[in-house]
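Take a look at the structure set out below.
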Amino acid sequence: MSTTHSAPAQPSPATRPVVASGLVALAMAMGVGRFAFTPLMPLMIRDGTMDATTGTEWAAANYVGYFVGALTASWFSDNPRRGLLLSLIGVALTTLAMVAVDAVPTTLLGVMLRGAAGVFSAWALVCASSWCLAELARRRAGQLGAWIYTGVGLGIAIAGVLAWLGGRQRADWLWLELGLIASAGAVLVWTLSRGQSTTPAEIEEREATAIAPTRGGGQLALVLCYGTFGFGYIVPATFLPAMARELAPDPLVFGLTWPLFGFAAALSVAAVARWLPSTSRQRLWALSQGVMALGTALPLFVQALWAVAASAVLVGGTFMVATMAGLQLAREAQPDNPTPLIARMTAAFAAGQIAGPLLVRALGSDRWAGWDALRWTGALATLLLVLTALWLWRSTKTSLKSLRPV
């Protein structure tokens, strides 16, 4: 089997509306609807809107909502663009409504809003992946699909920079600003995607360097590995700003960790899209989880601000590459209708990320062998990431040996 080297994949005038639609949609749905709570939680605690326990409950509600959204995203199999637009409207509305949580005497509103935002975020990820990847495949430009996933990192960076530079504002003002940004993003996606075909692509994308397991057992393995990935990344993705705040209470210092996370995510995916468009998605996934394991391990042994920042770069720089690679593998495994498989993988991912904070809470405030709950959960995440990375790498070698061009 010979390996060909493709020229760097870049959007063309015919594909730019699709790429831009997916990029902006994921920036709003994931960067704002899904992850904006992470940099704003320390500020809400500072403002007295919540305490750490309430913050954990709201985060857990978002993870549960994301799980429910992943389970129900297959509703939009026939028209994923419609599901994408509906989800972006939901993200904008739930973000704007977060302004009111400080005025309501019960924490139930926050739980409901964060749960609903999780549902809409999952719908957006599944529908954007299904619709954009299919449309790019129909245009014989499937390699450009990686570009849409730069949107997640850009959205995280936007939310992170806003929280960083505006960290001395009240958190409710920041929620309002993010809600207006999400509303503008929804309108932009509707404009860009209008008139684009929603007919499912029916072309074959089988490149020698992009191997996807297509049998039932292979698909189950994809789902399990993706679920492990969800568990592995969630502790730093949830608690990095809070960990940094303990080391440096100034928002202009601890707030920098989240923009670093987002920029690392965007730049890493852009680098893969630009220079590695034909590299095996499964090998990229394996390498990403290996580097991520290093990022989750570092704060276990070094309690310093630079270690938290390095963890943000290592985890942020790999989690979206792994996401992109996993969802592109799903598209290759089920080219005619990838939405159900993508939804199952996203549900497994959501279940993994629910398990992370729940384990932290179950372990409580006690220490074992000098480690607290965060460090023990991080250690387990590191171990699972390493094991699944090794499996993904070895199974890729098996696939490469067994597959030959017809």
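Going by the structure tokens order, chains are called A, B, ..., each with residues numbered from 1, while ligands are numbered from 1 in the order shown.
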
Counting only C-alpha atoms, give me one row per residue of region 242-312 of chain A with an atom at most 12 Å from an atom of region 360-377 of chain A, showing the shortest contact pair and its distance in Å to one decimal, sorted by chain then residue number, as CSV.
```
residue,atom,partner,partner_atom,distance
A:Ala242,CA,A:Leu374,CA,11.5
A:Met243,CA,A:Leu374,CA,9.8
A:Thr296,CA,A:Arg375,CA,9.3
A:Ala297,CA,A:Arg375,CA,8.8
A:Leu298,CA,A:Arg375,CA,10.2
A:Pro299,CA,A:Arg375,CA,7.8
A:Leu300,CA,A:Arg375,CA,5.6
A:Phe301,CA,A:Arg375,CA,9.0
A:Val302,CA,A:Arg375,CA,11.0
A:Gln303,CA,A:Arg375,CA,10.7
```

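The coordinates place CA of Leu178 (chain A) at 21.5 Å from CA of Glu57 (chain A).
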
For Ala184 (chain A), list every protein, DNA or RNA residue within 12 Å, evaluated using only C-alpha atoms, and leave out those in the same chain fewer than 6 positions away; present the list as a PyMOL selection string. chain A and resi 24-25+27-28+88-89+91-93+177-178+190-191

Output for the residues just chosen: C-alpha atoms as a PDB file, in the first residue's frame:
```pdb
ATOM      1  CA  VAL A  24     -19.110  29.764  13.931  1.00  0.00           C
ATOM      2  CA  ALA A  25     -21.748  27.287  15.127  1.00  0.00           C
ATOM      3  CA  ALA A  27     -17.682  28.497  18.546  1.00  0.00           C
ATOM      4  CA  MET A  28     -21.050  29.637  19.876  1.00  0.00           C
ATOM      5  CA  LEU A  88     -27.968  27.851  18.399  1.00  0.00           C
ATOM      6  CA  ILE A  89     -31.150  29.756  19.229  1.00  0.00           C
ATOM      7  CA  VAL A  91     -27.743  28.499  23.340  1.00  0.00           C
ATOM      8  CA  ALA A  92     -28.305  32.222  22.856  1.00  0.00           C
ATOM      9  CA  LEU A  93     -31.474  32.272  24.970  1.00  0.00           C
ATOM     10  CA  GLU A 177     -22.216  40.117  26.683  1.00  0.00           C
ATOM     11  CA  LEU A 178     -21.750  36.430  25.843  1.00  0.00           C
ATOM     12  CA  TRP A 190     -28.427  31.044   9.483  1.00  0.00           C
ATOM     13  CA  THR A 191     -27.229  33.527   6.850  1.00  0.00           C
TER      14      THR A 191
END
```

Using DSSP assignments from the backbone, pull out every residue in region 314-387 of chain A that falls under helix (DSSP H, G or I) and give it to me as a PyMOL selection string. chain A and resi 314-333+339-363+373-387

Counting only C-alpha atoms, what is within 12 Å of Ala309 (chain A), bar same-chain residues fewer than 5 positions away, as an mmCIF file with C-alpha atoms, in the first residue's frame?
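Saved file out.cif follows:
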```cif
data_model
loop_
_atom_site.group_PDB
_atom_site.id
_atom_site.type_symbol
_atom_site.label_atom_id
_atom_site.label_comp_id
_atom_site.auth_asym_id
_atom_site.auth_seq_id
_atom_site.Cartn_x
_atom_site.Cartn_y
_atom_site.Cartn_z
ATOM 1 C CA PRO A 236 -8.861 20.067 33.882
ATOM 2 C CA LEU A 240 -8.344 24.622 35.768
ATOM 3 C CA PRO A 241 -9.428 28.239 36.408
ATOM 4 C CA MET A 243 -7.111 25.613 40.541
ATOM 5 C CA ALA A 244 -5.311 28.670 39.180
ATOM 6 C CA ARG A 245 -7.404 30.972 41.391
ATOM 7 C CA LEU A 247 -2.580 29.931 43.402
ATOM 8 C CA ALA A 248 -3.204 33.502 42.171
ATOM 9 C CA VAL A 253 -3.715 36.188 36.439
ATOM 10 C CA PHE A 254 -5.864 33.099 37.041
ATOM 11 C CA GLY A 255 -8.234 34.112 34.234
ATOM 12 C CA LEU A 256 -5.481 33.664 31.660
ATOM 13 C CA THR A 257 -5.600 29.854 31.901
ATOM 14 C CA TRP A 258 -8.868 29.564 29.969
ATOM 15 C CA PRO A 259 -7.845 31.702 26.974
ATOM 16 C CA LEU A 260 -4.676 29.602 26.824
ATOM 17 C CA PHE A 261 -6.838 26.469 26.770
ATOM 18 C CA GLY A 262 -8.968 27.850 23.933
ATOM 19 C CA ALA A 264 -4.252 25.937 22.130
ATOM 20 C CA GLY A 295 -1.378 17.381 30.727
ATOM 21 C CA THR A 296 -3.613 15.678 33.283
ATOM 22 C CA LEU A 298 1.429 17.401 35.435
ATOM 23 C CA PRO A 299 -0.706 19.100 38.162
ATOM 24 C CA VAL A 302 3.689 20.082 40.538
ATOM 25 C CA GLN A 303 1.551 22.543 42.478
ATOM 26 C CA ALA A 304 2.507 25.768 40.707
ATOM 27 C CA LEU A 314 -1.447 20.347 26.762
ATOM 28 C CA VAL A 315 -5.093 19.434 27.358
ATOM 29 C CA GLY A 316 -6.498 22.349 25.348
ATOM 30 C CA GLY A 317 -4.132 21.591 22.501
#
```

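Counting only C-alpha atoms and comparing A:Ala60, A:Ala117, A:Leu380, A:Ala128, the residue that lies closest to Thr94 (chain A) is A:Ala117.
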
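Minimum atom-to-atom distance to Asp102 (chain A), evaluated using only C-alpha atoms, belongs to A:Met44 out of A:Met44, A:Leu125, A:Val189, A:Ala116.
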
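Each of A:Gln219, A:Ser395, A:Ser21, A:Thr339 was checked against Ala73 (chain A) using only C-alpha atoms; the smallest atom-to-atom distance is that of A:Thr339.
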
Compile the contact shell of Ala29 (chain A) as a VMD selection string: residues with an atom at most 12 Å away, counting only C-alpha atoms, same-chain residues fewer than 2 positions apart removed. chain A and resid 21 to 27 31 to 36 66 84 to 95 116 to 128 149 151 to 156 159 178 to 179 181 to 183 185 to 186 189

Export of prior selection with C-alpha atoms as an mmCIF file, in the first residue's frame:
```
data_model
loop_
_atom_site.group_PDB
_atom_site.id
_atom_site.type_symbol
_atom_site.label_atom_id
_atom_site.label_comp_id
_atom_site.auth_asym_id
_atom_site.auth_seq_id
_atom_site.Cartn_x
_atom_site.Cartn_y
_atom_site.Cartn_z
ATOM 1 C CA SER A 21 -21.139 27.861 9.232
ATOM 2 C CA GLY A 22 -19.668 24.938 11.153
ATOM 3 C CA LEU A 23 -16.847 26.982 12.629
ATOM 4 C CA VAL A 24 -19.110 29.764 13.931
ATOM 5 C CA ALA A 25 -21.748 27.287 15.127
ATOM 6 C CA LEU A 26 -19.263 25.301 17.205
ATOM 7 C CA ALA A 27 -17.682 28.497 18.546
ATOM 8 C CA GLY A 31 -17.245 27.926 23.461
ATOM 9 C CA VAL A 32 -20.189 29.833 24.933
ATOM 10 C CA GLY A 33 -23.046 27.419 25.635
ATOM 11 C CA ARG A 34 -20.870 24.552 26.778
ATOM 12 C CA PHE A 35 -17.713 25.995 28.311
ATOM 13 C CA ALA A 36 -18.285 29.651 29.240
ATOM 14 C CA TYR A 66 -25.172 17.277 27.239
ATOM 15 C CA LEU A 84 -28.187 23.108 14.257
ATOM 16 C CA LEU A 85 -30.141 26.353 13.923
ATOM 17 C CA LEU A 86 -32.577 25.361 16.680
ATOM 18 C CA SER A 87 -29.720 24.527 19.022
ATOM 19 C CA LEU A 88 -27.968 27.851 18.399
ATOM 20 C CA ILE A 89 -31.150 29.756 19.229
ATOM 21 C CA GLY A 90 -31.359 27.740 22.442
ATOM 22 C CA VAL A 91 -27.743 28.499 23.340
ATOM 23 C CA ALA A 92 -28.305 32.222 22.856
ATOM 24 C CA LEU A 93 -31.474 32.272 24.970
ATOM 25 C CA THR A 94 -30.074 30.207 27.846
ATOM 26 C CA THR A 95 -26.921 32.331 27.933
ATOM 27 C CA ALA A 116 -30.717 23.178 28.821
ATOM 28 C CA ALA A 117 -27.471 24.714 27.540
ATOM 29 C CA GLY A 118 -25.920 21.244 27.668
ATOM 30 C CA VAL A 119 -28.748 19.797 25.571
ATOM 31 C CA PHE A 120 -28.404 22.510 22.944
ATOM 32 C CA SER A 121 -24.601 22.212 22.871
ATOM 33 C CA ALA A 122 -24.772 18.478 22.186
ATOM 34 C CA TRP A 123 -27.340 18.973 19.454
ATOM 35 C CA ALA A 124 -25.115 21.598 17.872
ATOM 36 C CA LEU A 125 -21.998 19.434 17.915
ATOM 37 C CA VAL A 126 -23.762 16.404 16.442
ATOM 38 C CA CYS A 127 -25.745 18.372 13.856
ATOM 39 C CA ALA A 128 -22.812 20.570 12.816
ATOM 40 C CA TYR A 149 -13.495 22.156 14.773
ATOM 41 C CA GLY A 151 -14.429 26.936 16.123
ATOM 42 C CA VAL A 152 -14.581 25.237 19.510
ATOM 43 C CA GLY A 153 -11.173 26.553 20.532
ATOM 44 C CA LEU A 154 -11.939 30.004 19.138
ATOM 45 C CA GLY A 155 -15.203 30.114 21.086
ATOM 46 C CA ILE A 156 -13.451 29.054 24.288
ATOM 47 C CA ALA A 159 -15.249 33.533 26.287
ATOM 48 C CA LEU A 178 -21.750 36.430 25.843
ATOM 49 C CA GLY A 179 -25.473 36.050 25.182
ATOM 50 C CA ILE A 181 -22.352 37.333 20.980
ATOM 51 C CA ALA A 182 -24.161 33.960 20.807
ATOM 52 C CA SER A 183 -27.231 35.656 19.303
ATOM 53 C CA GLY A 185 -23.456 33.969 15.915
ATOM 54 C CA ALA A 186 -26.820 32.237 15.428
ATOM 55 C CA VAL A 189 -24.865 30.759 10.802
#
```

So which residues touch Val321 (chain A) within 12 Å, counting only C-alpha atoms, skipping near sequence neighbours fewer than 5 positions away, as a PyMOL selection string? chain A and resi 145-153+229+264-273+276-277+281-292+314-316+326-328

Dump as a tab-separated table (two decimals), in the first residue's frame, selection limited to N, CA and C atoms:
```
chain	number	residue	atom	x	y	z
A	145	GLY	N	-13.10	19.20	6.52
A	145	GLY	CA	-13.93	19.07	7.71
A	145	GLY	C	-13.21	19.42	8.99
A	146	ALA	N	-11.89	19.24	9.02
A	146	ALA	CA	-11.14	19.56	10.23
A	146	ALA	C	-11.27	21.03	10.62
A	147	TRP	N	-11.43	21.90	9.61
A	147	TRP	CA	-11.45	23.33	9.91
A	147	TRP	C	-12.61	23.74	10.80
A	148	ILE	N	-13.74	23.05	10.70
A	148	ILE	CA	-14.89	23.50	11.50
A	148	ILE	C	-14.62	23.34	12.99
A	149	TYR	N	-13.75	22.41	13.35
A	149	TYR	CA	-13.49	22.16	14.77
A	149	TYR	C	-12.55	23.18	15.40
A	150	THR	N	-11.95	24.04	14.57
A	150	THR	CA	-11.21	25.17	15.15
A	150	THR	C	-12.16	26.11	15.87
A	151	GLY	N	-13.45	26.05	15.51
A	151	GLY	CA	-14.43	26.94	16.12
A	151	GLY	C	-14.57	26.73	17.61
A	152	VAL	N	-14.44	25.50	18.07
A	152	VAL	CA	-14.58	25.24	19.51
A	152	VAL	C	-13.51	25.99	20.28
A	153	GLY	N	-12.25	25.85	19.84
A	153	GLY	CA	-11.17	26.55	20.53
A	153	GLY	C	-11.32	28.06	20.45
A	229	PHE	N	-12.21	9.30	26.77
A	229	PHE	CA	-11.69	10.63	26.49
A	229	PHE	C	-12.50	11.69	27.23
A	264	ALA	N	-4.96	27.19	22.42
A	264	ALA	CA	-4.25	25.94	22.13
A	264	ALA	C	-5.14	24.98	21.34
A	265	ALA	N	-6.44	24.92	21.70
A	265	ALA	CA	-7.37	24.05	20.98
A	265	ALA	C	-7.53	24.49	19.53
A	266	ALA	N	-7.71	25.81	19.32
A	266	ALA	CA	-7.91	26.31	17.96
A	266	ALA	C	-6.67	26.12	17.10
A	267	LEU	N	-5.50	26.47	17.64
A	267	LEU	CA	-4.27	26.39	16.85
A	267	LEU	C	-3.90	24.95	16.51
A	268	SER	N	-4.13	24.03	17.45
A	268	SER	CA	-3.77	22.63	17.18
A	268	SER	C	-4.63	22.05	16.07
A	269	VAL	N	-5.94	22.32	16.09
A	269	VAL	CA	-6.82	21.82	15.04
A	269	VAL	C	-6.48	22.47	13.71
A	270	ALA	N	-6.19	23.77	13.73
A	270	ALA	CA	-5.82	24.46	12.50
A	270	ALA	C	-4.53	23.87	11.91
A	271	ALA	N	-3.58	23.53	12.78
A	271	ALA	CA	-2.33	22.94	12.30
A	271	ALA	C	-2.57	21.59	11.65
A	272	VAL	N	-3.44	20.77	12.26
A	272	VAL	CA	-3.78	19.47	11.68
A	272	VAL	C	-4.48	19.66	10.34
A	273	ALA	N	-5.45	20.60	10.29
A	273	ALA	CA	-6.19	20.84	9.05
A	273	ALA	C	-5.27	21.35	7.95
A	276	LEU	N	-1.77	18.28	8.09
A	276	LEU	CA	-1.95	16.82	8.22
A	276	LEU	C	-3.35	16.40	7.78
A	277	PRO	N	-3.82	16.86	6.63
A	277	PRO	CA	-5.20	16.54	6.25
A	277	PRO	C	-5.43	15.08	5.93
A	281	ARG	N	-6.81	9.43	11.07
A	281	ARG	CA	-7.53	10.06	12.17
A	281	ARG	C	-7.33	9.27	13.47
A	282	GLN	N	-7.23	7.95	13.35
A	282	GLN	CA	-7.11	7.14	14.55
A	282	GLN	C	-5.75	7.35	15.22
A	283	ARG	N	-4.71	7.50	14.40
A	283	ARG	CA	-3.40	7.76	14.98
A	283	ARG	C	-3.34	9.16	15.61
A	284	LEU	N	-3.97	10.12	14.96
A	284	LEU	CA	-4.05	11.46	15.56
A	284	LEU	C	-4.75	11.41	16.91
A	285	TRP	N	-5.83	10.66	16.97
A	285	TRP	CA	-6.57	10.51	18.21
A	285	TRP	C	-5.68	9.87	19.28
A	286	ALA	N	-4.98	8.82	18.92
A	286	ALA	CA	-4.10	8.14	19.88
A	286	ALA	C	-3.01	9.09	20.40
A	287	LEU	N	-2.37	9.81	19.49
A	287	LEU	CA	-1.33	10.75	19.92
A	287	LEU	C	-1.90	11.86	20.79
A	288	SER	N	-3.09	12.33	20.44
A	288	SER	CA	-3.72	13.39	21.23
A	288	SER	C	-4.00	12.94	22.65
A	289	GLN	N	-4.52	11.72	22.78
A	289	GLN	CA	-4.82	11.25	24.14
A	289	GLN	C	-3.55	10.99	24.94
A	290	GLY	N	-2.46	10.60	24.26
A	290	GLY	CA	-1.20	10.44	24.96
A	290	GLY	C	-0.67	11.75	25.50
A	291	VAL	N	-0.71	12.81	24.67
A	291	VAL	CA	-0.26	14.13	25.13
A	291	VAL	C	-1.20	14.67	26.20
A	292	MET	N	-2.50	14.44	26.05
A	292	MET	CA	-3.46	14.87	27.05
A	292	MET	C	-3.17	14.23	28.40
A	314	LEU	N	-1.52	21.74	27.19
A	314	LEU	CA	-1.45	20.35	26.76
A	314	LEU	C	-2.83	19.73	26.56
A	315	VAL	N	-3.74	19.99	27.49
A	315	VAL	CA	-5.09	19.43	27.36
A	315	VAL	C	-5.88	20.21	26.31
A	316	GLY	N	-5.79	21.55	26.35
A	316	GLY	CA	-6.50	22.35	25.35
A	316	GLY	C	-6.00	22.09	23.94
A	326	GLY	N	-12.15	11.71	16.25
A	326	GLY	CA	-13.18	10.73	16.58
A	326	GLY	C	-14.43	10.90	15.74
A	327	LEU	N	-14.88	12.15	15.56
A	327	LEU	CA	-16.10	12.38	14.79
A	327	LEU	C	-15.89	12.17	13.30
A	328	GLN	N	-14.67	12.44	12.81
A	328	GLN	CA	-14.39	12.13	11.41
A	328	GLN	C	-14.33	10.62	11.18
```

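Computed from the coordinates, the CA of Asn79 (chain A) to CA of Asn337 (chain A) distance equals 11.0 Å.
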
Name the closest residue to Ser278 (chain A) among the candidates A:Val161, A:Met50, A:Ala325, A:Leu188; distances are taken between atoms, counting only C-alpha atoms. A:Ala325

Select, from A:Tyr226, A:Tyr63, A:Trp164, A:Phe231, the residue with the minimum atom-to-atom distance to Ala381 (chain A), counting only C-alpha atoms. A:Phe231
